[in-house]
file final25.txt (compact mmCIF, N, CA and C atoms)
# COMPACT_ATOMS: atom_id res chain seq x y z
N MET A 1 98.43 102.73 92.04
CA MET A 1 98.67 103.05 93.44
C MET A 1 97.96 104.37 93.76
N ASP A 2 97.39 104.47 94.93
CA ASP A 2 96.53 105.61 95.26
C ASP A 2 97.23 106.70 96.06
N GLY A 3 98.54 106.64 96.23
CA GLY A 3 99.25 107.65 96.99
C GLY A 3 99.36 107.32 98.46
N LYS A 4 98.50 106.46 98.96
CA LYS A 4 98.56 106.05 100.36
C LYS A 4 99.59 104.93 100.55
N HIS A 5 99.90 104.25 99.48
CA HIS A 5 100.81 103.12 99.55
C HIS A 5 102.12 103.42 98.85
N MET A 6 103.19 102.82 99.37
CA MET A 6 104.52 102.97 98.79
C MET A 6 105.07 101.58 98.48
N GLN A 7 105.86 101.51 97.44
CA GLN A 7 106.54 100.26 97.15
C GLN A 7 107.78 100.15 98.02
N ILE A 8 108.33 98.97 98.09
CA ILE A 8 109.43 98.68 99.01
C ILE A 8 110.65 99.57 98.75
N GLY A 9 110.91 99.93 97.51
CA GLY A 9 112.05 100.79 97.21
C GLY A 9 111.95 102.16 97.87
N GLU A 10 110.76 102.74 97.83
CA GLU A 10 110.55 104.04 98.47
C GLU A 10 110.66 103.91 99.99
N VAL A 11 110.13 102.83 100.52
CA VAL A 11 110.21 102.59 101.96
C VAL A 11 111.67 102.43 102.37
N ALA A 12 112.44 101.70 101.58
CA ALA A 12 113.86 101.51 101.87
C ALA A 12 114.59 102.86 101.88
N ALA A 13 114.29 103.70 100.91
CA ALA A 13 114.93 105.02 100.86
C ALA A 13 114.54 105.87 102.07
N ARG A 14 113.29 105.83 102.44
CA ARG A 14 112.82 106.65 103.57
C ARG A 14 113.36 106.18 104.91
N THR A 15 113.50 104.87 105.06
CA THR A 15 113.93 104.32 106.34
C THR A 15 115.44 104.08 106.42
N GLU A 16 116.11 104.22 105.28
CA GLU A 16 117.55 103.93 105.18
C GLU A 16 117.84 102.48 105.56
N LEU A 17 116.91 101.58 105.23
CA LEU A 17 117.09 100.15 105.41
C LEU A 17 117.20 99.53 104.02
N SER A 18 117.93 98.44 103.93
CA SER A 18 118.05 97.77 102.64
C SER A 18 116.77 96.99 102.33
N LEU A 19 116.57 96.69 101.05
CA LEU A 19 115.43 95.86 100.66
C LEU A 19 115.51 94.52 101.36
N ARG A 20 116.72 93.99 101.44
CA ARG A 20 116.93 92.69 102.08
C ARG A 20 116.51 92.74 103.55
N THR A 21 116.88 93.82 104.24
CA THR A 21 116.54 93.96 105.65
C THR A 21 115.03 94.06 105.84
N ILE A 22 114.38 94.83 104.99
CA ILE A 22 112.92 94.96 105.10
C ILE A 22 112.26 93.61 104.85
N ARG A 23 112.74 92.88 103.86
CA ARG A 23 112.18 91.55 103.59
C ARG A 23 112.42 90.61 104.77
N HIS A 24 113.62 90.73 105.39
CA HIS A 24 113.92 89.91 106.56
C HIS A 24 112.95 90.21 107.70
N TYR A 25 112.69 91.49 107.93
CA TYR A 25 111.75 91.86 108.99
C TYR A 25 110.35 91.35 108.67
N GLU A 26 110.01 91.28 107.38
CA GLU A 26 108.72 90.71 107.00
C GLU A 26 108.72 89.20 107.29
N GLU A 27 109.79 88.51 106.92
CA GLU A 27 109.89 87.07 107.15
C GLU A 27 109.78 86.72 108.63
N THR A 28 110.33 87.60 109.48
CA THR A 28 110.29 87.34 110.92
C THR A 28 109.00 87.83 111.57
N GLY A 29 108.13 88.46 110.79
CA GLY A 29 106.85 88.90 111.30
C GLY A 29 106.86 90.24 112.01
N LEU A 30 107.97 90.98 111.92
CA LEU A 30 108.01 92.29 112.58
C LEU A 30 107.20 93.34 111.84
N VAL A 31 107.17 93.24 110.54
CA VAL A 31 106.39 94.17 109.73
C VAL A 31 105.78 93.38 108.59
N VAL A 32 104.55 93.71 108.28
CA VAL A 32 103.85 93.03 107.20
C VAL A 32 103.34 94.11 106.26
N PRO A 33 103.64 94.00 104.96
CA PRO A 33 103.11 95.00 104.03
C PRO A 33 101.60 95.11 104.18
N SER A 34 101.09 96.31 104.11
CA SER A 34 99.66 96.53 104.29
C SER A 34 98.84 96.00 103.13
N ALA A 35 99.49 95.89 101.98
CA ALA A 35 98.76 95.43 100.79
C ALA A 35 99.77 94.90 99.78
N ARG A 36 99.23 94.37 98.71
CA ARG A 36 100.03 93.93 97.57
C ARG A 36 99.39 94.54 96.32
N SER A 37 100.24 94.92 95.38
CA SER A 37 99.72 95.43 94.12
C SER A 37 99.19 94.27 93.30
N GLN A 38 98.51 94.60 92.21
CA GLN A 38 97.99 93.54 91.34
C GLN A 38 99.13 92.68 90.81
N GLY A 39 100.31 93.28 90.68
CA GLY A 39 101.49 92.55 90.22
C GLY A 39 102.21 91.80 91.32
N GLY A 40 101.71 91.89 92.55
CA GLY A 40 102.31 91.17 93.66
C GLY A 40 103.36 91.94 94.44
N PHE A 41 103.56 93.22 94.09
CA PHE A 41 104.56 94.02 94.80
C PHE A 41 104.05 94.38 96.19
N ARG A 42 104.98 94.37 97.15
CA ARG A 42 104.65 94.78 98.51
C ARG A 42 104.28 96.26 98.51
N LEU A 43 103.24 96.60 99.25
CA LEU A 43 102.82 97.99 99.38
C LEU A 43 102.74 98.34 100.86
N TYR A 44 103.31 99.47 101.20
CA TYR A 44 103.42 99.89 102.59
C TYR A 44 102.73 101.22 102.80
N THR A 45 102.30 101.46 104.03
CA THR A 45 101.67 102.73 104.42
C THR A 45 102.62 103.49 105.35
N GLU A 46 102.20 104.70 105.70
CA GLU A 46 102.98 105.49 106.66
C GLU A 46 103.11 104.74 107.99
N ALA A 47 102.08 104.02 108.39
CA ALA A 47 102.14 103.25 109.64
C ALA A 47 103.21 102.16 109.54
N ASP A 48 103.34 101.55 108.37
CA ASP A 48 104.38 100.53 108.18
C ASP A 48 105.76 101.16 108.26
N VAL A 49 105.91 102.35 107.67
CA VAL A 49 107.19 103.06 107.74
C VAL A 49 107.52 103.40 109.19
N ALA A 50 106.52 103.86 109.94
CA ALA A 50 106.74 104.20 111.35
C ALA A 50 107.17 102.96 112.14
N ARG A 51 106.58 101.83 111.83
CA ARG A 51 106.93 100.57 112.49
C ARG A 51 108.38 100.20 112.17
N LEU A 52 108.77 100.33 110.90
CA LEU A 52 110.15 100.05 110.52
C LEU A 52 111.13 101.00 111.20
N MET A 53 110.72 102.24 111.41
CA MET A 53 111.59 103.20 112.09
C MET A 53 111.80 102.81 113.55
N VAL A 54 110.76 102.28 114.20
CA VAL A 54 110.93 101.78 115.57
C VAL A 54 111.97 100.67 115.57
N ILE A 55 111.84 99.74 114.64
CA ILE A 55 112.78 98.63 114.55
C ILE A 55 114.19 99.15 114.29
N ARG A 56 114.31 100.08 113.34
CA ARG A 56 115.62 100.65 113.00
C ARG A 56 116.27 101.32 114.21
N ARG A 57 115.47 101.98 115.02
CA ARG A 57 116.01 102.66 116.20
C ARG A 57 116.38 101.69 117.31
N MET A 58 115.70 100.56 117.39
CA MET A 58 115.99 99.57 118.43
C MET A 58 117.25 98.77 118.12
N LYS A 59 117.50 98.52 116.84
CA LYS A 59 118.59 97.64 116.43
C LYS A 59 119.95 98.08 116.98
N PRO A 60 120.37 99.33 116.80
CA PRO A 60 121.70 99.71 117.30
C PRO A 60 121.80 99.74 118.83
N LEU A 61 120.66 99.66 119.50
CA LEU A 61 120.67 99.63 120.96
C LEU A 61 120.77 98.20 121.49
N GLY A 62 120.86 97.24 120.57
CA GLY A 62 121.09 95.86 120.96
C GLY A 62 119.84 95.05 121.28
N PHE A 63 118.67 95.57 120.96
CA PHE A 63 117.46 94.81 121.20
C PHE A 63 117.37 93.64 120.23
N THR A 64 116.86 92.52 120.72
CA THR A 64 116.70 91.34 119.88
C THR A 64 115.41 91.44 119.07
N LEU A 65 115.28 90.58 118.08
CA LEU A 65 114.05 90.55 117.28
C LEU A 65 112.85 90.24 118.16
N ASP A 66 113.03 89.34 119.13
CA ASP A 66 111.92 89.02 120.04
C ASP A 66 111.53 90.22 120.89
N GLN A 67 112.51 90.99 121.34
CA GLN A 67 112.20 92.19 122.11
C GLN A 67 111.49 93.23 121.24
N MET A 68 111.95 93.36 120.00
CA MET A 68 111.29 94.29 119.08
C MET A 68 109.83 93.87 118.88
N ARG A 69 109.63 92.59 118.68
CA ARG A 69 108.28 92.05 118.48
C ARG A 69 107.41 92.32 119.72
N ASP A 70 107.99 92.12 120.90
CA ASP A 70 107.24 92.33 122.14
C ASP A 70 106.85 93.80 122.31
N LEU A 71 107.78 94.71 122.07
CA LEU A 71 107.46 96.13 122.18
C LEU A 71 106.41 96.53 121.16
N LEU A 72 106.57 96.08 119.92
CA LEU A 72 105.60 96.43 118.88
C LEU A 72 104.22 95.87 119.21
N ASP A 73 104.17 94.68 119.78
CA ASP A 73 102.89 94.11 120.20
C ASP A 73 102.24 95.00 121.27
N ALA A 74 103.04 95.42 122.24
CA ALA A 74 102.49 96.26 123.32
C ALA A 74 101.99 97.59 122.77
N THR A 75 102.78 98.24 121.92
CA THR A 75 102.36 99.53 121.38
C THR A 75 101.18 99.38 120.42
N ASP A 76 101.16 98.28 119.65
CA ASP A 76 100.02 98.04 118.77
C ASP A 76 98.73 97.91 119.58
N ARG A 77 98.81 97.18 120.67
CA ARG A 77 97.62 96.98 121.50
C ARG A 77 97.19 98.28 122.17
N LEU A 78 98.16 99.09 122.61
CA LEU A 78 97.82 100.37 123.22
C LEU A 78 97.20 101.32 122.19
N ASP A 79 97.68 101.26 120.95
CA ASP A 79 97.21 102.17 119.90
C ASP A 79 95.97 101.68 119.16
N ALA A 80 95.53 100.47 119.44
CA ALA A 80 94.46 99.86 118.66
C ALA A 80 93.12 100.57 118.81
N GLY A 81 92.96 101.32 119.86
CA GLY A 81 91.69 102.01 120.06
C GLY A 81 90.61 101.13 120.68
N THR A 82 90.94 99.89 120.94
CA THR A 82 89.97 99.03 121.61
C THR A 82 90.06 99.28 123.11
N SER A 83 88.97 99.03 123.77
CA SER A 83 88.96 99.30 125.21
C SER A 83 89.76 98.20 125.93
N LEU A 84 90.63 98.64 126.77
CA LEU A 84 91.43 97.75 127.60
C LEU A 84 91.02 97.98 129.04
N ASP A 85 90.96 96.92 129.82
CA ASP A 85 90.68 97.16 131.24
C ASP A 85 91.93 97.77 131.87
N ALA A 86 91.76 98.38 133.01
CA ALA A 86 92.84 99.14 133.65
C ALA A 86 94.07 98.28 133.90
N GLY A 87 93.89 97.05 134.31
CA GLY A 87 95.02 96.17 134.58
C GLY A 87 95.81 95.83 133.32
N GLU A 88 95.08 95.56 132.25
CA GLU A 88 95.74 95.24 130.98
C GLU A 88 96.49 96.45 130.45
N ARG A 89 95.86 97.63 130.51
CA ARG A 89 96.51 98.86 130.04
C ARG A 89 97.79 99.12 130.86
N GLU A 90 97.71 98.96 132.17
CA GLU A 90 98.89 99.21 133.01
C GLU A 90 99.99 98.20 132.71
N ALA A 91 99.64 96.95 132.47
CA ALA A 91 100.64 95.94 132.14
C ALA A 91 101.34 96.28 130.82
N LEU A 92 100.58 96.75 129.84
CA LEU A 92 101.18 97.15 128.56
C LEU A 92 102.08 98.37 128.74
N LEU A 93 101.61 99.34 129.52
CA LEU A 93 102.43 100.53 129.77
C LEU A 93 103.71 100.16 130.51
N GLU A 94 103.64 99.21 131.41
CA GLU A 94 104.83 98.77 132.13
C GLU A 94 105.83 98.11 131.18
N ARG A 95 105.33 97.34 130.21
CA ARG A 95 106.23 96.76 129.21
C ARG A 95 106.94 97.86 128.44
N VAL A 96 106.20 98.88 128.03
CA VAL A 96 106.80 99.99 127.29
C VAL A 96 107.81 100.72 128.17
N ARG A 97 107.47 100.94 129.45
CA ARG A 97 108.40 101.60 130.38
C ARG A 97 109.71 100.81 130.50
N THR A 98 109.60 99.50 130.55
CA THR A 98 110.78 98.65 130.65
C THR A 98 111.70 98.86 129.44
N TYR A 99 111.11 98.92 128.26
CA TYR A 99 111.91 99.16 127.06
C TYR A 99 112.48 100.57 127.03
N GLN A 100 111.71 101.52 127.51
CA GLN A 100 112.22 102.91 127.56
C GLN A 100 113.42 102.99 128.49
N GLN A 101 113.34 102.33 129.64
CA GLN A 101 114.45 102.34 130.59
C GLN A 101 115.67 101.63 130.00
N ALA A 102 115.46 100.50 129.36
CA ALA A 102 116.56 99.78 128.73
C ALA A 102 117.21 100.61 127.63
N ALA A 103 116.38 101.32 126.85
CA ALA A 103 116.91 102.18 125.80
C ALA A 103 117.75 103.31 126.40
N ALA A 104 117.25 103.92 127.45
CA ALA A 104 117.99 105.01 128.10
C ALA A 104 119.33 104.52 128.64
N GLU A 105 119.35 103.33 129.21
CA GLU A 105 120.61 102.75 129.72
C GLU A 105 121.59 102.50 128.58
N GLN A 106 121.09 101.98 127.45
CA GLN A 106 121.96 101.73 126.30
C GLN A 106 122.50 103.04 125.73
N VAL A 107 121.66 104.07 125.69
CA VAL A 107 122.11 105.37 125.20
C VAL A 107 123.27 105.87 126.06
N GLU A 108 123.15 105.72 127.36
CA GLU A 108 124.22 106.18 128.25
C GLU A 108 125.51 105.39 128.00
N LYS A 109 125.39 104.09 127.82
CA LYS A 109 126.58 103.28 127.51
C LYS A 109 127.21 103.74 126.20
N LEU A 110 126.38 104.05 125.21
CA LEU A 110 126.90 104.52 123.93
C LEU A 110 127.57 105.88 124.07
N ARG A 111 127.05 106.74 124.95
CA ARG A 111 127.70 108.04 125.19
C ARG A 111 129.10 107.84 125.75
N VAL A 112 129.24 106.90 126.67
CA VAL A 112 130.56 106.61 127.24
C VAL A 112 131.49 106.09 126.16
N GLN A 113 130.99 105.16 125.34
CA GLN A 113 131.82 104.62 124.25
C GLN A 113 132.21 105.72 123.26
N LEU A 114 131.27 106.61 122.94
CA LEU A 114 131.57 107.70 122.03
C LEU A 114 132.63 108.63 122.62
N ALA A 115 132.52 108.95 123.89
CA ALA A 115 133.52 109.81 124.53
C ALA A 115 134.90 109.16 124.47
N ARG A 116 134.97 107.86 124.73
CA ARG A 116 136.24 107.16 124.64
C ARG A 116 136.79 107.18 123.22
N ALA A 117 135.92 106.99 122.25
CA ALA A 117 136.34 107.00 120.85
C ALA A 117 136.84 108.39 120.45
N GLU A 118 136.16 109.43 120.92
CA GLU A 118 136.59 110.79 120.61
C GLU A 118 137.95 111.08 121.25
N ASP A 119 138.14 110.63 122.50
CA ASP A 119 139.43 110.80 123.16
C ASP A 119 140.54 110.10 122.39
N PHE A 120 140.25 108.88 121.93
CA PHE A 120 141.23 108.11 121.17
C PHE A 120 141.59 108.82 119.86
N ALA A 121 140.57 109.29 119.13
CA ALA A 121 140.82 110.00 117.88
C ALA A 121 141.63 111.27 118.12
N ALA A 122 141.32 111.98 119.19
CA ALA A 122 142.07 113.19 119.52
C ALA A 122 143.51 112.86 119.87
N ALA A 123 143.73 111.78 120.62
CA ALA A 123 145.09 111.37 120.98
C ALA A 123 145.88 111.01 119.73
N LEU A 124 145.27 110.34 118.79
CA LEU A 124 145.96 110.02 117.54
C LEU A 124 146.29 111.29 116.77
N GLY A 125 145.34 112.23 116.76
CA GLY A 125 145.59 113.51 116.09
C GLY A 125 146.76 114.24 116.71
N THR A 126 146.84 114.24 118.04
CA THR A 126 147.95 114.89 118.75
C THR A 126 149.27 114.21 118.40
N ARG A 127 149.25 112.89 118.39
CA ARG A 127 150.47 112.13 118.04
C ARG A 127 150.93 112.48 116.64
N LEU A 128 150.00 112.57 115.69
CA LEU A 128 150.37 112.91 114.33
C LEU A 128 150.95 114.32 114.24
N GLU A 129 150.33 115.24 114.97
CA GLU A 129 150.83 116.62 114.97
C GLU A 129 152.24 116.68 115.56
N GLN A 130 152.48 115.92 116.64
CA GLN A 130 153.79 115.93 117.28
C GLN A 130 154.87 115.31 116.40
N ASN A 131 154.47 114.42 115.54
CA ASN A 131 155.44 113.72 114.69
C ASN A 131 155.43 114.17 113.25
N ALA A 132 154.75 115.27 112.96
CA ALA A 132 154.71 115.80 111.61
C ALA A 132 156.09 116.38 111.28
N PRO A 133 156.49 116.34 109.99
CA PRO A 133 157.78 116.94 109.60
C PRO A 133 157.86 118.38 110.06
N GLY A 134 158.96 118.73 110.64
CA GLY A 134 159.18 120.10 111.11
C GLY A 134 158.61 120.38 112.51
N ALA A 135 157.92 119.44 113.07
CA ALA A 135 157.35 119.63 114.42
C ALA A 135 158.26 118.96 115.43
N ARG A 136 158.84 119.73 116.28
CA ARG A 136 159.69 119.20 117.35
C ARG A 136 159.32 119.90 118.63
N ALA A 137 159.16 119.11 119.65
CA ALA A 137 158.78 119.68 120.94
C ALA A 137 159.97 120.13 121.73
call {"tool": "encode", "arguments": {"input": "final25.txt", "output": "structure tokens"}}
result
Amino acid sequence: MDGKHMQIGEVAARTELSLRTIRHYEETGLVVPSARSQGGFRLYTEADVARLMVIRRMKPLGFTLDQMRDLLDATDRLDAGTSLDAGEREALLERVRTYQQAAAEQVEKLRVQLARAEDFAAALGTRLEQNAPGARA
């Protein structure tokens, strides 16, 4: 290995994804190892890790595999360095904007859920304090 490639175990450690999950994303076509070793081991690059990180960040926001694939396709095409006509570039940027807006909306929903969860945990803590031995109001 030349240092540019990582085996799946290192990628799993860096992305905090399981080997099974990475293989699943490969099976679904979301990420493809950049190379294979002579022994047949999957080899990944920094670009592959970055792609897996996009997927990892989308998953808890409720995006589907098809949506992940669509966003990755749009960003791949924007990043490819090939010339795009203005209409095609704007259409790709609009796809990315749509996902950015959806992500922002999901983040806000999660903030509300987190605030409710924190309130609930605090209420339980108060209840425990009020009912602790020797505590009488």
call {"tool": "atom_distance", "arguments": {"input": "final25.txt", "atom1": "atom CA of Tyr99 of chain A", "atom2": "atom C of Ala86 of chain A"}}
result
19.1 Å
call {"tool": "residues_around", "arguments": {"input": "final25.txt", "residues": "segment 9-21 of chain A", "least_positions_apart": "6", "cutoff": "8 Å", "atoms": "only C-alpha atoms", "output": "NGL selection string"}}
result
:A and (44 or 49 or 52-53 or 56)
call {"tool": "write_last_selection", "arguments": {"input": "final25.txt", "atoms": "N, CA and C atoms", "output": "short mmCIF file (atom, residue, chain, number, x, y, z; two decimals), in the coordinates of the input"}}
result
data_model
loop_
_atom_site.label_atom_id
_atom_site.label_comp_id
_atom_site.auth_asym_id
_atom_site.auth_seq_id
_atom_site.Cartn_x
_atom_site.Cartn_y
_atom_site.Cartn_z
N TYR A 44 103.31 99.47 101.20
CA TYR A 44 103.42 99.89 102.59
C TYR A 44 102.73 101.22 102.80
N VAL A 49 105.91 102.35 107.67
CA VAL A 49 107.19 103.06 107.74
C VAL A 49 107.52 103.40 109.19
N LEU A 52 108.77 100.33 110.90
CA LEU A 52 110.15 100.05 110.52
C LEU A 52 111.13 101.00 111.20
N MET A 53 110.72 102.24 111.41
CA MET A 53 111.59 103.20 112.09
C MET A 53 111.80 102.81 113.55
N ARG A 56 114.31 100.08 113.34
CA ARG A 56 115.62 100.65 113.00
C ARG A 56 116.27 101.32 114.21
#
call {"tool": "closest_residue", "arguments": {"input": "final25.txt", "among": "A:Ser83, A:Leu30, A:Glu88, A:Arg51", "to": "Leu65 of chain A", "atoms": "all atoms listed in the file"}}
result
A:Leu30
call {"tool": "select_by_dssp", "arguments": {"input": "final25.txt", "residues": "chain A", "states": "helix (DSSP H, G or I)", "output": "VMD selection string"}}
result
chain A and resid 8 to 15 19 to 27 46 to 61 65 to 79 86 to 130
call {"tool": "atom_distance", "arguments": {"input": "final25.txt", "atom1": "atom CA of Asp48 of chain A", "atom2": "atom CA of Arg36 of chain A"}}
result
13.2 Å
call {"tool": "closest_residue", "arguments": {"input": "final25.txt", "among": "A:Ala115, A:Ala132, A:Met58, A:Leu124", "to": "Ala103 of chain A", "atoms": "only C-alpha atoms"}}
result
A:Met58
call {"tool": "atom_distance", "arguments": {"input": "final25.txt", "atom1": "atom N of Arg42 of chain A", "atom2": "atom CA of Asp79 of chain A"}}
result
25.3 Å
call {"tool": "select_by_dssp", "arguments": {"input": "final25.txt", "residues": "segment 19-119 of chain A", "states": "strand (DSSP E or B)", "output": "list in words"}}
result
Ala35, Arg36, Arg42, Leu43 and Tyr44 of chain A
call {"tool": "closest_residue", "arguments": {"input": "final25.txt", "among": "A:Arg127, A:Glu105, A:Leu43, A:Arg69", "to": "Gly29 of chain A", "atoms": "all atoms listed in the file"}}
result
A:Arg69
call {"tool": "closest_residue", "arguments": {"input": "final25.txt", "among": "A:Ala102, A:Leu128, A:Leu114, A:Met6", "to": "Glu46 of chain A", "atoms": "only N, CA and C atoms"}}
result
A:Met6
call {"tool": "build_atoms", "arguments": {"input": "final25.txt", "residues": "segment 58-81 of chain A", "atoms": "N, CA, C and O atoms", "output": "tab-separated table (two decimals), in the coordinates of the input"}}
result
chain	number	residue	atom	x	y	z
A	58	MET	N	115.70	100.56	117.39
A	58	MET	CA	115.99	99.57	118.43
A	58	MET	C	117.25	98.77	118.12
A	58	MET	O	117.98	98.38	119.03
A	59	LYS	N	117.50	98.52	116.84
A	59	LYS	CA	118.59	97.64	116.43
A	59	LYS	C	119.95	98.08	116.98
A	59	LYS	O	120.64	97.28	117.60
A	60	PRO	N	120.37	99.33	116.80
A	60	PRO	CA	121.70	99.71	117.30
A	60	PRO	C	121.80	99.74	118.83
A	60	PRO	O	122.89	99.82	119.38
A	61	LEU	N	120.66	99.66	119.50
A	61	LEU	CA	120.67	99.63	120.96
A	61	LEU	C	120.77	98.20	121.49
A	61	LEU	O	120.74	97.98	122.69
A	62	GLY	N	120.86	97.24	120.57
A	62	GLY	CA	121.09	95.86	120.96
A	62	GLY	C	119.84	95.05	121.28
A	62	GLY	O	119.94	93.95	121.81
A	63	PHE	N	118.67	95.57	120.96
A	63	PHE	CA	117.46	94.81	121.20
A	63	PHE	C	117.37	93.64	120.23
A	63	PHE	O	117.74	93.76	119.07
A	64	THR	N	116.86	92.52	120.72
A	64	THR	CA	116.70	91.34	119.88
A	64	THR	C	115.41	91.44	119.07
A	64	THR	O	114.54	92.28	119.37
A	65	LEU	N	115.28	90.58	118.08
A	65	LEU	CA	114.05	90.55	117.28
A	65	LEU	C	112.85	90.24	118.16
A	65	LEU	O	111.77	90.82	117.99
A	66	ASP	N	113.03	89.34	119.13
A	66	ASP	CA	111.92	89.02	120.04
A	66	ASP	C	111.53	90.22	120.89
A	66	ASP	O	110.34	90.45	121.13
A	67	GLN	N	112.51	90.99	121.34
A	67	GLN	CA	112.20	92.19	122.11
A	67	GLN	C	111.49	93.23	121.24
A	67	GLN	O	110.55	93.89	121.70
A	68	MET	N	111.95	93.36	120.00
A	68	MET	CA	111.29	94.29	119.08
A	68	MET	C	109.83	93.87	118.88
A	68	MET	O	108.92	94.70	118.93
A	69	ARG	N	109.63	92.59	118.68
A	69	ARG	CA	108.28	92.05	118.48
A	69	ARG	C	107.41	92.32	119.72
A	69	ARG	O	106.25	92.72	119.60
A	70	ASP	N	107.99	92.12	120.90
A	70	ASP	CA	107.24	92.33	122.14
A	70	ASP	C	106.85	93.80	122.31
A	70	ASP	O	105.70	94.10	122.64
A	71	LEU	N	107.78	94.71	122.07
A	71	LEU	CA	107.46	96.13	122.18
A	71	LEU	C	106.41	96.53	121.16
A	71	LEU	O	105.45	97.24	121.48
A	72	LEU	N	106.57	96.08	119.92
A	72	LEU	CA	105.60	96.43	118.88
A	72	LEU	C	104.22	95.87	119.21
A	72	LEU	O	103.21	96.54	118.97
A	73	ASP	N	104.17	94.68	119.78
A	73	ASP	CA	102.89	94.11	120.20
A	73	ASP	C	102.24	95.00	121.27
A	73	ASP	O	101.04	95.30	121.19
A	74	ALA	N	103.04	95.42	122.24
A	74	ALA	CA	102.49	96.26	123.32
A	74	ALA	C	101.99	97.59	122.77
A	74	ALA	O	100.88	98.03	123.10
A	75	THR	N	102.78	98.24	121.92
A	75	THR	CA	102.36	99.53	121.38
A	75	THR	C	101.18	99.38	120.42
A	75	THR	O	100.29	100.23	120.40
A	76	ASP	N	101.16	98.28	119.65
A	76	ASP	CA	100.02	98.04	118.77
A	76	ASP	C	98.73	97.91	119.58
A	76	ASP	O	97.70	98.47	119.23
A	77	ARG	N	98.81	97.18	120.67
A	77	ARG	CA	97.62	96.98	121.50
A	77	ARG	C	97.19	98.28	122.17
A	77	ARG	O	95.99	98.57	122.28
A	78	LEU	N	98.16	99.09	122.61
A	78	LEU	CA	97.82	100.37	123.22
A	78	LEU	C	97.20	101.32	122.19
A	78	LEU	O	96.31	102.11	122.51
A	79	ASP	N	97.68	101.26	120.95
A	79	ASP	CA	97.21	102.17	119.90
A	79	ASP	C	95.97	101.68	119.16
A	79	ASP	O	95.43	102.41	118.34
A	80	ALA	N	95.53	100.47	119.44
A	80	ALA	CA	94.46	99.86	118.66
A	80	ALA	C	93.12	100.57	118.81
A	80	ALA	O	92.24	100.42	117.97
A	81	GLY	N	92.96	101.32	119.86
A	81	GLY	CA	91.69	102.01	120.06
A	81	GLY	C	90.61	101.13	120.68
A	81	GLY	O	89.50	101.60	120.91
